[in-house]
$ cat query17.txt   # compact mmCIF, C-alpha atoms
# COMPACT_ATOMS: atom_id res chain seq x y z
CA MET A 4 38.65 12.78 -43.99
CA SER A 5 35.92 15.35 -43.51
CA ASP A 6 32.45 14.62 -44.90
CA ASP A 7 32.32 17.89 -46.86
CA VAL A 8 35.37 17.02 -49.00
CA GLN A 9 34.47 15.56 -52.37
CA LEU A 10 37.35 13.84 -54.10
CA ASP A 11 35.67 14.39 -57.47
CA ASP A 12 36.09 18.14 -56.94
CA ASN A 13 39.83 17.79 -57.45
CA PRO A 14 40.60 14.70 -59.54
CA ASP A 15 44.14 13.64 -60.42
CA TRP A 16 45.38 14.98 -63.75
CA THR A 17 45.90 12.56 -66.59
CA ASP A 18 48.41 12.85 -69.43
CA ALA A 19 45.53 14.09 -71.61
CA ASP A 20 44.76 16.84 -69.07
CA PHE A 21 48.37 17.99 -69.14
CA ALA A 22 48.39 17.94 -72.96
CA LYS A 23 45.29 20.20 -73.05
CA ALA A 24 46.65 22.63 -70.44
CA LYS A 25 47.60 26.11 -71.60
CA GLY A 26 50.40 28.21 -70.18
CA PRO A 27 50.33 31.85 -69.11
CA GLU A 28 51.60 32.93 -72.54
CA THR A 29 48.11 32.23 -73.90
CA LEU A 30 46.49 34.81 -71.59
CA SER A 31 45.71 38.36 -72.66
CA ALA A 32 47.35 41.32 -70.95
CA ALA A 33 44.07 42.02 -69.11
CA GLU A 34 43.87 38.43 -67.86
CA LEU A 35 47.48 38.52 -66.67
CA ALA A 36 46.89 41.84 -64.90
CA ALA A 37 44.11 40.20 -62.87
CA PHE A 38 46.64 37.92 -61.13
CA PRO A 39 48.39 39.36 -58.08
CA ARG A 40 52.10 39.77 -58.52
CA THR A 41 54.44 38.71 -55.77
CA ARG A 42 58.01 39.76 -55.38
CA VAL A 43 60.58 37.10 -54.78
CA ARG A 44 63.83 38.24 -53.27
CA SER A 45 67.03 36.42 -53.95
CA VAL A 46 69.15 35.20 -51.09
CA GLN A 47 71.54 37.83 -49.78
CA LYS A 48 75.16 37.09 -50.63
CA SER A 49 76.21 38.06 -47.12
CA PRO A 50 73.16 38.67 -44.93
CA THR A 51 73.51 41.92 -43.03
CA LYS A 52 70.00 42.24 -41.62
CA ARG A 53 68.18 40.02 -39.18
CA PRO A 54 64.44 39.51 -38.86
CA ILE A 55 63.08 40.55 -35.46
CA SER A 56 59.79 41.14 -33.74
CA LEU A 57 59.46 44.74 -32.57
CA ARG A 58 56.53 46.41 -30.84
CA VAL A 59 55.93 50.01 -31.87
CA ASP A 60 52.98 52.33 -31.38
CA ALA A 61 50.24 51.88 -33.98
CA ASP A 62 50.49 55.48 -35.21
CA ILE A 63 54.22 55.12 -35.85
CA LEU A 64 53.72 51.89 -37.78
CA GLU A 65 50.90 53.33 -39.88
CA SER A 66 52.92 56.48 -40.56
CA TYR A 67 55.82 54.46 -41.98
CA ARG A 68 53.57 52.07 -43.91
CA ALA A 69 51.75 55.03 -45.45
CA THR A 70 55.01 56.10 -47.11
CA GLY A 71 54.77 53.08 -49.41
CA PRO A 72 57.19 50.35 -50.40
CA GLY A 73 60.53 50.57 -48.65
CA TRP A 74 59.00 51.73 -45.36
CA GLN A 75 60.97 49.15 -43.38
CA GLY A 76 64.24 50.45 -44.79
CA ARG A 77 63.25 54.01 -43.92
CA MET A 78 62.42 52.89 -40.39
CA ASN A 79 65.83 51.19 -40.22
CA ASP A 80 67.49 54.44 -41.37
CA ALA A 81 65.65 56.43 -38.68
CA LEU A 82 66.74 53.94 -36.02
CA ARG A 83 70.32 54.16 -37.25
CA LYS A 84 70.24 57.98 -36.95
CA ALA A 85 68.89 57.65 -33.40
CA MET A 86 71.48 55.07 -32.42
CA PRO A 87 73.77 56.16 -29.58
CA ARG A 88 77.29 56.97 -30.68
CA THR A 89 79.97 54.98 -28.87

$ encode --input "query17.txt" --output "C-alpha cells"
Amino acid sequence: MSDDVQLDDNPDWTDADFAKAKGPETLSAAELAAFPRTRVRSVQKSPTKRPISLRVDADILESYRATGPGWQGRMNDALRKAMPRT
C-alpha cells in the first residue's frame, strides 16, 4: 500500500452511517442540477451496428461533432449514401 493513502480518509460505513444517509430525493433542484447526467442505453434487441475504430481527418471529425448529439448517426448516414451500389 502506498504511504500517501490514509485508511481513516475512507472508513467503512456502519449501520448508523447508513441510517443517517440521505437519498437524492432530499436534494434541491439546484443541487441535483450540479451533478452530471449520464445516458444509459439499453441493450439492443437485435444489434445491427458494430463498434469499430476508424481514422478520419481531424477537420471531418470536428465538423460532425460540432453538429451536436447524434453526430455518429449522421456520419453513418453519410457513409451509407457514399456506399458503392452492387

$ residues_around --input "query17.txt" --residues "region 16-27 of chain A" --least-positions-apart "6" --cutoff "12 Å" --atoms "all atoms listed in the file" --output "list in words"
Ala33, Glu34, Leu35, Ala36 and Phe38 of chain A

$ atom_distance --input "query17.txt" --atom1 "CA of Ser31 (chain A)" --atom2 "CA of Val43 (chain A)"
23.3 Å

$ residues_around --input "query17.txt" --residues "region 77-88 of chain A" --least-positions-apart "5" --cutoff "10 Å" --atoms "all atoms listed in the file" --output "ChimeraX atom specification"
/A:52,63-64,67-68,70,72

$ atom_distance --input "query17.txt" --atom1 "CA of Ser56 (chain A)" --atom2 "CA of Trp74 (chain A)"
15.7 Å

$ atom_distance --input "query17.txt" --atom1 "CA of Val59 (chain A)" --atom2 "CA of Gly76 (chain A)"
15.4 Å

$ axis_aligned_box --input "query17.txt" --around "region 37-42 of chain A" --padding-each-side "6 Å" --output "lines of an AutoDock Vina configuration file"
center_x = 51.1
center_y = 39.1
center_z = -59.1
size_x = 25.9
size_y = 14.3
size_z = 19.5
